[in-house]
>>> print(open('query_6.pdb').read())   # PDB, C-alpha atoms
ATOM      1  CA  MET A 207      90.666   8.912  76.942  1.00  0.00           C
ATOM      2  CA  ARG A 208      89.013  11.605  74.771  1.00  0.00           C
ATOM      3  CA  PRO A 209      85.239  12.045  74.992  1.00  0.00           C
ATOM      4  CA  PRO A 210      83.200  10.926  71.984  1.00  0.00           C
ATOM      5  CA  ARG A 211      82.751  13.590  69.304  1.00  0.00           C
ATOM      6  CA  TYR A 212      79.267  14.921  68.664  1.00  0.00           C
ATOM      7  CA  SER A 213      77.796  18.124  67.370  1.00  0.00           C
ATOM      8  CA  ILE A 214      76.653  20.665  69.891  1.00  0.00           C
ATOM      9  CA  PRO A 215      74.193  23.513  69.350  1.00  0.00           C
ATOM     10  CA  VAL A 216      75.697  26.947  68.827  1.00  0.00           C
ATOM     11  CA  THR A 217      74.430  30.394  68.007  1.00  0.00           C
ATOM     12  CA  ILE A 218      76.504  32.403  65.536  1.00  0.00           C
ATOM     13  CA  ARG A 219      76.392  36.197  65.783  1.00  0.00           C
ATOM     14  CA  PRO A 220      78.608  39.228  65.201  1.00  0.00           C
ATOM     15  CA  LEU A 221      80.885  40.263  68.033  1.00  0.00           C
ATOM     16  CA  LEU A 222      79.170  42.843  70.258  1.00  0.00           C
ATOM     17  CA  LEU A 223      80.772  45.884  71.873  1.00  0.00           C
ATOM     18  CA  SER A 224      79.888  44.302  75.216  1.00  0.00           C
ATOM     19  CA  ASP A 225      81.895  41.140  74.429  1.00  0.00           C
ATOM     20  CA  SER A 226      85.265  40.935  76.129  1.00  0.00           C
ATOM     21  CA  ILE A 227      88.295  41.377  73.859  1.00  0.00           C
ATOM     22  CA  ALA A 228      90.442  39.978  76.684  1.00  0.00           C
ATOM     23  CA  GLU A 229      88.317  36.813  76.764  1.00  0.00           C
ATOM     24  CA  LEU A 230      88.423  36.520  72.968  1.00  0.00           C
ATOM     25  CA  THR A 231      92.221  36.916  72.974  1.00  0.00           C
ATOM     26  CA  ARG A 232      92.570  34.183  75.611  1.00  0.00           C
ATOM     27  CA  LEU A 233      90.354  31.913  73.461  1.00  0.00           C
ATOM     28  CA  LEU A 234      92.668  32.512  70.491  1.00  0.00           C
ATOM     29  CA  HIS A 235      95.717  31.710  72.628  1.00  0.00           C
ATOM     30  CA  ARG A 236      94.137  28.448  73.860  1.00  0.00           C
ATOM     31  CA  ALA A 237      92.968  27.407  70.397  1.00  0.00           C
ATOM     32  CA  TYR A 238      96.328  28.068  68.761  1.00  0.00           C
ATOM     33  CA  GLY A 239      98.267  26.679  71.740  1.00  0.00           C
ATOM     34  CA  ALA A 240      98.663  23.152  70.333  1.00  0.00           C
ATOM     35  CA  LEU A 241     100.097  24.581  67.104  1.00  0.00           C
ATOM     36  CA  ALA A 242     102.474  26.754  69.120  1.00  0.00           C
ATOM     37  CA  ARG A 243     103.628  23.682  71.049  1.00  0.00           C
ATOM     38  CA  GLU A 244     104.361  22.044  67.664  1.00  0.00           C
ATOM     39  CA  GLY A 245     106.671  24.988  66.926  1.00  0.00           C
ATOM     40  CA  PHE A 246     104.410  27.102  64.688  1.00  0.00           C
ATOM     41  CA  ARG A 247     104.414  30.815  65.509  1.00  0.00           C
ATOM     42  CA  PHE A 248     100.860  31.721  64.480  1.00  0.00           C
ATOM     43  CA  TRP A 249     100.156  35.360  65.353  1.00  0.00           C
ATOM     44  CA  ALA A 250      96.952  34.344  67.182  1.00  0.00           C
ATOM     45  CA  SER A 251      98.947  32.104  69.544  1.00  0.00           C
ATOM     46  CA  HIS A 252     100.495  35.092  71.302  1.00  0.00           C
ATOM     47  CA  GLN A 253      98.863  38.319  70.069  1.00  0.00           C
ATOM     48  CA  SER A 254      97.915  41.138  72.413  1.00  0.00           C
ATOM     49  CA  GLU A 255      94.393  42.383  73.070  1.00  0.00           C
ATOM     50  CA  GLU A 256      95.273  45.452  71.011  1.00  0.00           C
ATOM     51  CA  SER A 257      96.203  43.214  68.085  1.00  0.00           C
ATOM     52  CA  THR A 258      92.964  41.236  68.465  1.00  0.00           C
ATOM     53  CA  ARG A 259      90.999  44.498  68.359  1.00  0.00           C
ATOM     54  CA  SER A 260      92.973  45.736  65.345  1.00  0.00           C
ATOM     55  CA  ARG A 261      92.447  42.499  63.408  1.00  0.00           C
ATOM     56  CA  ILE A 262      88.704  42.547  64.194  1.00  0.00           C
ATOM     57  CA  ALA A 263      88.550  46.071  62.745  1.00  0.00           C
ATOM     58  CA  GLU A 264      89.658  44.635  59.367  1.00  0.00           C
ATOM     59  CA  GLY A 265      86.226  43.128  58.781  1.00  0.00           C
ATOM     60  CA  THR A 266      83.433  41.289  60.540  1.00  0.00           C
ATOM     61  CA  CYS A 267      84.130  39.180  63.598  1.00  0.00           C
ATOM     62  CA  LEU A 268      81.651  36.375  64.171  1.00  0.00           C
ATOM     63  CA  VAL A 269      81.452  34.400  67.392  1.00  0.00           C
ATOM     64  CA  ALA A 270      79.909  31.051  68.271  1.00  0.00           C
ATOM     65  CA  LEU A 271      78.075  30.796  71.567  1.00  0.00           C
ATOM     66  CA  HIS A 272      77.261  27.597  73.416  1.00  0.00           C
ATOM     67  CA  GLU A 273      75.293  27.940  76.624  1.00  0.00           C
ATOM     68  CA  GLU A 274      75.848  31.734  76.421  1.00  0.00           C
ATOM     69  CA  ARG A 275      79.659  31.368  76.376  1.00  0.00           C
ATOM     70  CA  ILE A 276      81.854  32.352  73.422  1.00  0.00           C
ATOM     71  CA  VAL A 277      83.419  29.074  72.257  1.00  0.00           C
ATOM     72  CA  GLY A 278      84.609  30.040  68.778  1.00  0.00           C
ATOM     73  CA  THR A 279      85.398  32.935  66.482  1.00  0.00           C
ATOM     74  CA  ILE A 280      86.279  33.862  62.911  1.00  0.00           C
ATOM     75  CA  THR A 281      87.057  37.229  61.335  1.00  0.00           C
ATOM     76  CA  LEU A 282      86.009  37.788  57.733  1.00  0.00           C
ATOM     77  CA  ARG A 283      88.337  40.422  56.284  1.00  0.00           C
ATOM     78  CA  LYS A 284      86.984  43.008  53.881  1.00  0.00           C
ATOM     79  CA  ARG A 285      88.041  42.477  50.268  1.00  0.00           C
ATOM     80  CA  GLU A 286      89.928  45.749  50.157  1.00  0.00           C
ATOM     81  CA  LEU A 287      91.946  44.692  53.226  1.00  0.00           C
ATOM     82  CA  THR A 288      92.762  41.224  51.877  1.00  0.00           C
ATOM     83  CA  LYS A 289      96.252  41.977  50.581  1.00  0.00           C
ATOM     84  CA  GLY A 290      99.820  40.764  50.663  1.00  0.00           C
ATOM     85  CA  CYS A 291     100.149  37.998  48.083  1.00  0.00           C
ATOM     86  CA  ALA A 292      99.084  37.689  44.449  1.00  0.00           C
ATOM     87  CA  TRP A 293      95.872  35.771  45.233  1.00  0.00           C
ATOM     88  CA  TYR A 294      94.881  38.072  48.094  1.00  0.00           C
ATOM     89  CA  ASP A 295      95.455  41.129  45.917  1.00  0.00           C
ATOM     90  CA  ARG A 296      92.651  40.110  43.522  1.00  0.00           C
ATOM     91  CA  PRO A 297      89.561  42.344  43.848  1.00  0.00           C
ATOM     92  CA  ASP A 298      87.138  39.378  43.996  1.00  0.00           C
ATOM     93  CA  VAL A 299      88.912  37.650  46.914  1.00  0.00           C
ATOM     94  CA  ALA A 300      88.258  38.098  50.625  1.00  0.00           C
ATOM     95  CA  SER A 301      89.964  36.172  53.394  1.00  0.00           C
ATOM     96  CA  PHE A 302      89.398  35.078  56.942  1.00  0.00           C
ATOM     97  CA  GLY A 303      91.587  34.755  60.009  1.00  0.00           C
ATOM     98  CA  GLN A 304      91.449  34.523  63.786  1.00  0.00           C
ATOM     99  CA  PHE A 305      89.530  31.278  63.238  1.00  0.00           C
ATOM    100  CA  ALA A 306      89.414  29.444  66.551  1.00  0.00           C
ATOM    101  CA  VAL A 307      87.362  26.998  68.603  1.00  0.00           C
ATOM    102  CA  GLU A 308      87.863  26.077  72.258  1.00  0.00           C
ATOM    103  CA  PRO A 309      90.240  23.101  72.218  1.00  0.00           C
ATOM    104  CA  GLU A 310      87.965  20.815  74.248  1.00  0.00           C
ATOM    105  CA  LEU A 311      85.083  21.486  71.824  1.00  0.00           C
ATOM    106  CA  GLN A 312      86.970  21.070  68.541  1.00  0.00           C
ATOM    107  CA  GLY A 313      85.539  18.462  66.190  1.00  0.00           C
ATOM    108  CA  ARG A 314      81.950  19.089  67.254  1.00  0.00           C
ATOM    109  CA  GLY A 315      80.735  21.231  64.358  1.00  0.00           C
ATOM    110  CA  ILE A 316      81.458  24.681  65.804  1.00  0.00           C
ATOM    111  CA  GLY A 317      84.210  25.520  63.329  1.00  0.00           C
ATOM    112  CA  ARG A 318      82.111  24.317  60.418  1.00  0.00           C
ATOM    113  CA  ALA A 319      79.178  26.486  61.568  1.00  0.00           C
ATOM    114  CA  LEU A 320      81.450  29.538  61.879  1.00  0.00           C
ATOM    115  CA  LEU A 321      83.041  28.952  58.494  1.00  0.00           C
ATOM    116  CA  GLU A 322      79.671  28.426  56.785  1.00  0.00           C
ATOM    117  CA  ALA A 323      78.407  31.685  58.318  1.00  0.00           C
ATOM    118  CA  ALA A 324      81.505  33.527  57.072  1.00  0.00           C
ATOM    119  CA  GLU A 325      81.102  31.987  53.600  1.00  0.00           C
ATOM    120  CA  ARG A 326      77.426  33.047  53.464  1.00  0.00           C
ATOM    121  CA  ARG A 327      78.255  36.594  54.542  1.00  0.00           C
ATOM    122  CA  ALA A 328      81.105  36.851  52.036  1.00  0.00           C
ATOM    123  CA  GLY A 329      78.834  35.586  49.241  1.00  0.00           C
ATOM    124  CA  GLU A 330      76.177  38.145  50.191  1.00  0.00           C
ATOM    125  CA  GLU A 331      78.859  40.834  49.914  1.00  0.00           C
ATOM    126  CA  GLY A 332      79.644  39.750  46.346  1.00  0.00           C
ATOM    127  CA  VAL A 333      82.892  37.937  47.105  1.00  0.00           C
ATOM    128  CA  ALA A 334      83.729  35.306  44.463  1.00  0.00           C
ATOM    129  CA  GLU A 335      86.528  33.556  46.384  1.00  0.00           C
ATOM    130  CA  LEU A 336      87.096  33.150  50.103  1.00  0.00           C
ATOM    131  CA  ALA A 337      90.726  32.474  50.964  1.00  0.00           C
ATOM    132  CA  LEU A 338      92.918  31.666  53.937  1.00  0.00           C
ATOM    133  CA  ASP A 339      96.530  30.990  54.693  1.00  0.00           C
ATOM    134  CA  THR A 340      98.013  28.581  57.184  1.00  0.00           C
ATOM    135  CA  ALA A 341     101.355  26.987  57.983  1.00  0.00           C
ATOM    136  CA  GLU A 342     102.625  24.681  55.268  1.00  0.00           C
ATOM    137  CA  GLY A 343     103.317  22.017  57.899  1.00  0.00           C
ATOM    138  CA  ALA A 344      99.918  22.214  59.629  1.00  0.00           C
ATOM    139  CA  THR A 345      98.697  19.068  57.891  1.00  0.00           C
ATOM    140  CA  ALA A 346      95.608  18.536  60.077  1.00  0.00           C
ATOM    141  CA  LEU A 347      94.367  22.070  59.336  1.00  0.00           C
ATOM    142  CA  ILE A 348      95.121  21.708  55.632  1.00  0.00           C
ATOM    143  CA  GLY A 349      93.223  18.415  55.548  1.00  0.00           C
ATOM    144  CA  MET A 350      90.229  20.023  57.256  1.00  0.00           C
ATOM    145  CA  TYR A 351      90.145  22.886  54.749  1.00  0.00           C
ATOM    146  CA  GLU A 352      90.443  20.501  51.800  1.00  0.00           C
ATOM    147  CA  LYS A 353      87.561  18.422  53.191  1.00  0.00           C
ATOM    148  CA  LEU A 354      85.485  21.626  53.336  1.00  0.00           C
ATOM    149  CA  GLY A 355      86.093  22.405  49.660  1.00  0.00           C
ATOM    150  CA  TYR A 356      89.135  24.683  49.818  1.00  0.00           C
ATOM    151  CA  ARG A 357      91.834  24.158  47.185  1.00  0.00           C
ATOM    152  CA  PHE A 358      95.540  24.922  47.154  1.00  0.00           C
ATOM    153  CA  ILE A 359      96.431  28.194  45.389  1.00  0.00           C
ATOM    154  CA  GLY A 360     100.072  28.809  46.225  1.00  0.00           C
ATOM    155  CA  HIS A 361     102.454  30.008  48.891  1.00  0.00           C
ATOM    156  CA  ALA A 362     102.883  33.203  50.878  1.00  0.00           C
ATOM    157  CA  ASP A 363     105.587  34.236  53.276  1.00  0.00           C
ATOM    158  CA  TRP A 364     104.681  36.403  56.261  1.00  0.00           C
ATOM    159  CA  ARG A 365     108.029  36.027  58.070  1.00  0.00           C
ATOM    160  CA  PRO A 366     109.191  37.459  60.413  1.00  0.00           C
ATOM    161  CA  ASP A 367     105.615  37.712  61.807  1.00  0.00           C
ATOM    162  CA  THR A 368     105.499  33.911  61.513  1.00  0.00           C
ATOM    163  CA  ASN A 369     108.251  31.312  61.459  1.00  0.00           C
ATOM    164  CA  TYR A 370     106.952  29.253  58.549  1.00  0.00           C
ATOM    165  CA  ARG A 371     106.041  29.454  54.877  1.00  0.00           C
ATOM    166  CA  SER A 372     102.288  29.633  54.422  1.00  0.00           C
ATOM    167  CA  VAL A 373     100.017  27.851  52.004  1.00  0.00           C
ATOM    168  CA  VAL A 374      97.104  29.790  50.530  1.00  0.00           C
ATOM    169  CA  TYR A 375      93.809  27.972  50.029  1.00  0.00           C
ATOM    170  CA  SER A 376      90.627  29.300  48.458  1.00  0.00           C
ATOM    171  CA  LYS A 377      87.032  28.303  47.812  1.00  0.00           C
ATOM    172  CA  THR A 378      84.721  29.551  45.073  1.00  0.00           C
ATOM    173  CA  LEU A 379      81.530  30.820  46.694  1.00  0.00           C
ATOM    174  CA  GLN A 380      78.024  30.259  45.416  1.00  0.00           C
ATOM    175  CA  ARG A 381      76.188  33.485  44.703  1.00  0.00           C
TER
END
>>> encode(input="query_6.pdb", output="structure tokens")
Amino acid sequence: MRPPRYSIPVTIRPLLLSDSIAELTRLLHRAYGALAREGFRFWASHQSEESTRSRIAEGTCLVALHEERIVGTITLRKRELTKGCAWYDRPDVASFGQFAVEPELQGRGIGRALLEAAERRAGEEGVAELALDTAEGATALIGMYEKLGYRFIGHADWRPDTNYRSVVYSKTLQR
């Protein structure tokens, strides 16, 4: 039986040089593990520490801490590095990735807190739209993003890095 869901207190801050990339990579693997078991080949489900570091360098990595332990992460990509499909190529669009929460703590408000922090930061940087892409068949994730105000934009195809067609979602940010 699953424990009851409730919000837990977290602190959101930028990733520090003293934070472990190895630990962050293992968190990504755990968080994306259920999707991998469903057959989706998300890059974060198997990426190397070097890849984690490289993806962090594309923007600002935020982490969520609970009881001084990193339990979630999101990387807000710089606008100029948000590229690869028609929507991402717009100059007013930024995107996020490496969005993960410890599996046993999912559904307790950590992801929402991380996403709200990324949205605030993007808005402060003058971003008009914050976008993401996910697997077309990841219906639970798509439902979560829709509930949080993200709308369907179109499709993107990142194969062979993934094994699925992606859907692109975006949210207009308040300035």
>>> atom_distance(input="query_6.pdb", atom1="atom CA of A:Leu354", atom2="atom CA of A:Thr258")
25.9 Å
>>> residues_around(input="query_6.pdb", residues="A:Val269", least_positions_apart="6", cutoff="12 Å", atoms="only C-alpha atoms", output="VMD selection string")
chain A and resid 216 to 222 225 to 227 229 to 230 233 to 234 262 275 to 282 304 to 308 316 to 317 319 to 321 323 to 324
>>> closest_residue(input="query_6.pdb", among="A:Ala300, A:Leu347, A:Phe358, A:Arg318", to="A:Glu335", atoms="only C-alpha atoms")
A:Ala300
>>> closest_residue(input="query_6.pdb", among="A:Ala270, A:Leu379, A:Leu338, A:Ala346", to="A:Gly290", atoms="only C-alpha atoms")
A:Leu338
>>> atom_distance(input="query_6.pdb", atom1="atom CA of A:Cys291", atom2="atom CA of A:Ala362")
6.2 Å
>>> atom_distance(input="query_6.pdb", atom1="atom CA of A:Lys377", atom2="atom CA of A:Met350")
13.0 Å
>>> closest_residue(input="query_6.pdb", among="A:Val333, A:Ser254, A:Ala341, A:Glu322", to="A:Gly355", atoms="only C-alpha atoms")
A:Glu322
>>> resolve_selection(input="query_6.pdb", expression="the PyMOL selection byres ((chain A and resi 284) around 10)", output="PyMOL selection string")
chain A and resi 263-266+281-283+285-289+299-302+328+331+333
>>> residues_around(input="query_6.pdb", residues="A:Asp339", least_positions_apart="6", cutoff="6 Å", atoms="all atoms listed in the file", output="JSON, numbers by chain")
{"A": [372, 373, 374]}
>>> closest_residue(input="query_6.pdb", among="A:Glu342, A:Gly329, A:Glu256, A:Glu244", to="A:Trp364", atoms="only C-alpha atoms")
A:Glu342
>>> axis_aligned_box(input="query_6.pdb", around="stretch 364-368 of chain A", padding_each_side="5 Å", output="JSON")
{"center_x": 106.9, "center_y": 35.8, "center_z": 59.0, "size_x": 14.5, "size_y": 13.8, "size_z": 15.5}
>>> build_atoms(input="query_6.pdb", residues="stretch 280-310 of chain A", atoms="N, CA and C atoms", output="JSON list (two decimals), in the coordinates of the input")
[["chain", "number", "residue", "atom", "x", "y", "z"],
["A", 280, "ILE", "N", 85.67, 33.73, 64.23],
["A", 280, "ILE", "CA", 86.28, 33.86, 62.91],
["A", 280, "ILE", "C", 86.13, 35.32, 62.50],
["A", 281, "THR", "N", 87.14, 35.86, 61.84],
["A", 281, "THR", "CA", 87.06, 37.23, 61.34],
["A", 281, "THR", "C", 87.14, 37.20, 59.82],
["A", 282, "LEU", "N", 86.08, 37.66, 59.19],
["A", 282, "LEU", "CA", 86.01, 37.79, 57.73],
["A", 282, "LEU", "C", 86.56, 39.16, 57.36],
["A", 283, "ARG", "N", 87.71, 39.16, 56.68],
["A", 283, "ARG", "CA", 88.34, 40.42, 56.28],
["A", 283, "ARG", "C", 87.63, 41.00, 55.07],
["A", 284, "LYS", "N", 87.54, 42.31, 55.04],
["A", 284, "LYS", "CA", 86.98, 43.01, 53.88],
["A", 284, "LYS", "C", 87.88, 42.75, 52.67],
["A", 285, "ARG", "N", 87.27, 42.71, 51.50],
["A", 285, "ARG", "CA", 88.04, 42.48, 50.27],
["A", 285, "ARG", "C", 89.18, 43.47, 50.11],
["A", 286, "GLU", "N", 88.90, 44.73, 50.36],
["A", 286, "GLU", "CA", 89.93, 45.75, 50.16],
["A", 286, "GLU", "C", 91.07, 45.64, 51.17],
["A", 287, "LEU", "N", 90.88, 44.90, 52.24],
["A", 287, "LEU", "CA", 91.95, 44.69, 53.23],
["A", 287, "LEU", "C", 92.59, 43.31, 53.11],
["A", 288, "THR", "N", 92.15, 42.52, 52.15],
["A", 288, "THR", "CA", 92.76, 41.22, 51.88],
["A", 288, "THR", "C", 93.88, 41.48, 50.88],
["A", 289, "LYS", "N", 95.08, 41.60, 51.39],
["A", 289, "LYS", "CA", 96.25, 41.98, 50.58],
["A", 289, "LYS", "C", 97.48, 41.21, 51.05],
["A", 290, "GLY", "N", 98.53, 41.26, 50.22],
["A", 290, "GLY", "CA", 99.82, 40.76, 50.66],
["A", 290, "GLY", "C", 100.43, 39.65, 49.83],
["A", 291, "CYS", "N", 99.62, 38.99, 49.02],
["A", 291, "CYS", "CA", 100.15, 38.00, 48.08],
["A", 291, "CYS", "C", 99.30, 38.10, 46.82],
["A", 292, "ALA", "N", 99.76, 37.52, 45.74],
["A", 292, "ALA", "CA", 99.08, 37.69, 44.45],
["A", 292, "ALA", "C", 97.60, 37.30, 44.51],
["A", 293, "TRP", "N", 97.28, 36.20, 45.17],
["A", 293, "TRP", "CA", 95.87, 35.77, 45.23],
["A", 293, "TRP", "C", 95.05, 36.73, 46.08],
["A", 294, "TYR", "N", 95.59, 37.16, 47.20],
["A", 294, "TYR", "CA", 94.88, 38.07, 48.09],
["A", 294, "TYR", "C", 94.68, 39.44, 47.45],
["A", 295, "ASP", "N", 95.55, 39.81, 46.54],
["A", 295, "ASP", "CA", 95.46, 41.13, 45.92],
["A", 295, "ASP", "C", 94.37, 41.22, 44.85],
["A", 296, "ARG", "N", 93.75, 40.09, 44.51],
["A", 296, "ARG", "CA", 92.65, 40.11, 43.52],
["A", 296, "ARG", "C", 91.43, 40.81, 44.11],
["A", 297, "PRO", "N", 90.70, 41.59, 43.31],
["A", 297, "PRO", "CA", 89.56, 42.34, 43.85],
["A", 297, "PRO", "C", 88.35, 41.48, 44.20],
["A", 298, "ASP", "N", 88.28, 40.24, 43.72],
["A", 298, "ASP", "CA", 87.14, 39.38, 44.00],
["A", 298, "ASP", "C", 87.39, 38.40, 45.14],
["A", 299, "VAL", "N", 88.52, 38.57, 45.85],
["A", 299, "VAL", "CA", 88.91, 37.65, 46.91],
["A", 299, "VAL", "C", 88.85, 38.35, 48.27],
["A", 300, "ALA", "N", 88.21, 37.69, 49.22],
["A", 300, "ALA", "CA", 88.26, 38.10, 50.62],
["A", 300, "ALA", "C", 88.92, 36.95, 51.38],
["A", 301, "SER", "N", 89.31, 37.21, 52.61],
["A", 301, "SER", "CA", 89.96, 36.17, 53.39],
["A", 301, "SER", "C", 89.42, 36.17, 54.82],
["A", 302, "PHE", "N", 89.78, 35.13, 55.54],
["A", 302, "PHE", "CA", 89.40, 35.08, 56.94],
["A", 302, "PHE", "C", 90.61, 34.71, 57.79],
["A", 303, "GLY", "N", 90.53, 35.05, 59.05],
["A", 303, "GLY", "CA", 91.59, 34.76, 60.01],
["A", 303, "GLY", "C", 91.00, 34.73, 61.40],
["A", 304, "GLN", "N", 91.89, 34.62, 62.39],
["A", 304, "GLN", "CA", 91.45, 34.52, 63.79],
["A", 304, "GLN", "C", 90.34, 33.49, 63.91],
["A", 305, "PHE", "N", 90.51, 32.36, 63.25],
["A", 305, "PHE", "CA", 89.53, 31.28, 63.24],
["A", 305, "PHE", "C", 89.91, 30.32, 64.36],
["A", 306, "ALA", "N", 89.06, 30.22, 65.37],
["A", 306, "ALA", "CA", 89.41, 29.44, 66.55],
["A", 306, "ALA", "C", 88.18, 28.85, 67.22],
["A", 307, "VAL", "N", 88.38, 27.67, 67.80],
["A", 307, "VAL", "CA", 87.36, 27.00, 68.60],
["A", 307, "VAL", "C", 88.04, 26.50, 69.87],
["A", 308, "GLU", "N", 87.33, 26.59, 70.99],
["A", 308, "GLU", "CA", 87.86, 26.08, 72.26],
["A", 308, "GLU", "C", 88.41, 24.67, 72.03],
["A", 309, "PRO", "N", 89.62, 24.41, 72.48],
["A", 309, "PRO", "CA", 90.24, 23.10, 72.22],
["A", 309, "PRO", "C", 89.39, 21.91, 72.64],
["A", 310, "GLU", "N", 88.75, 21.97, 73.79],
["A", 310, "GLU", "CA", 87.96, 20.82, 74.25],
["A", 310, "GLU", "C", 86.67, 20.61, 73.45]]
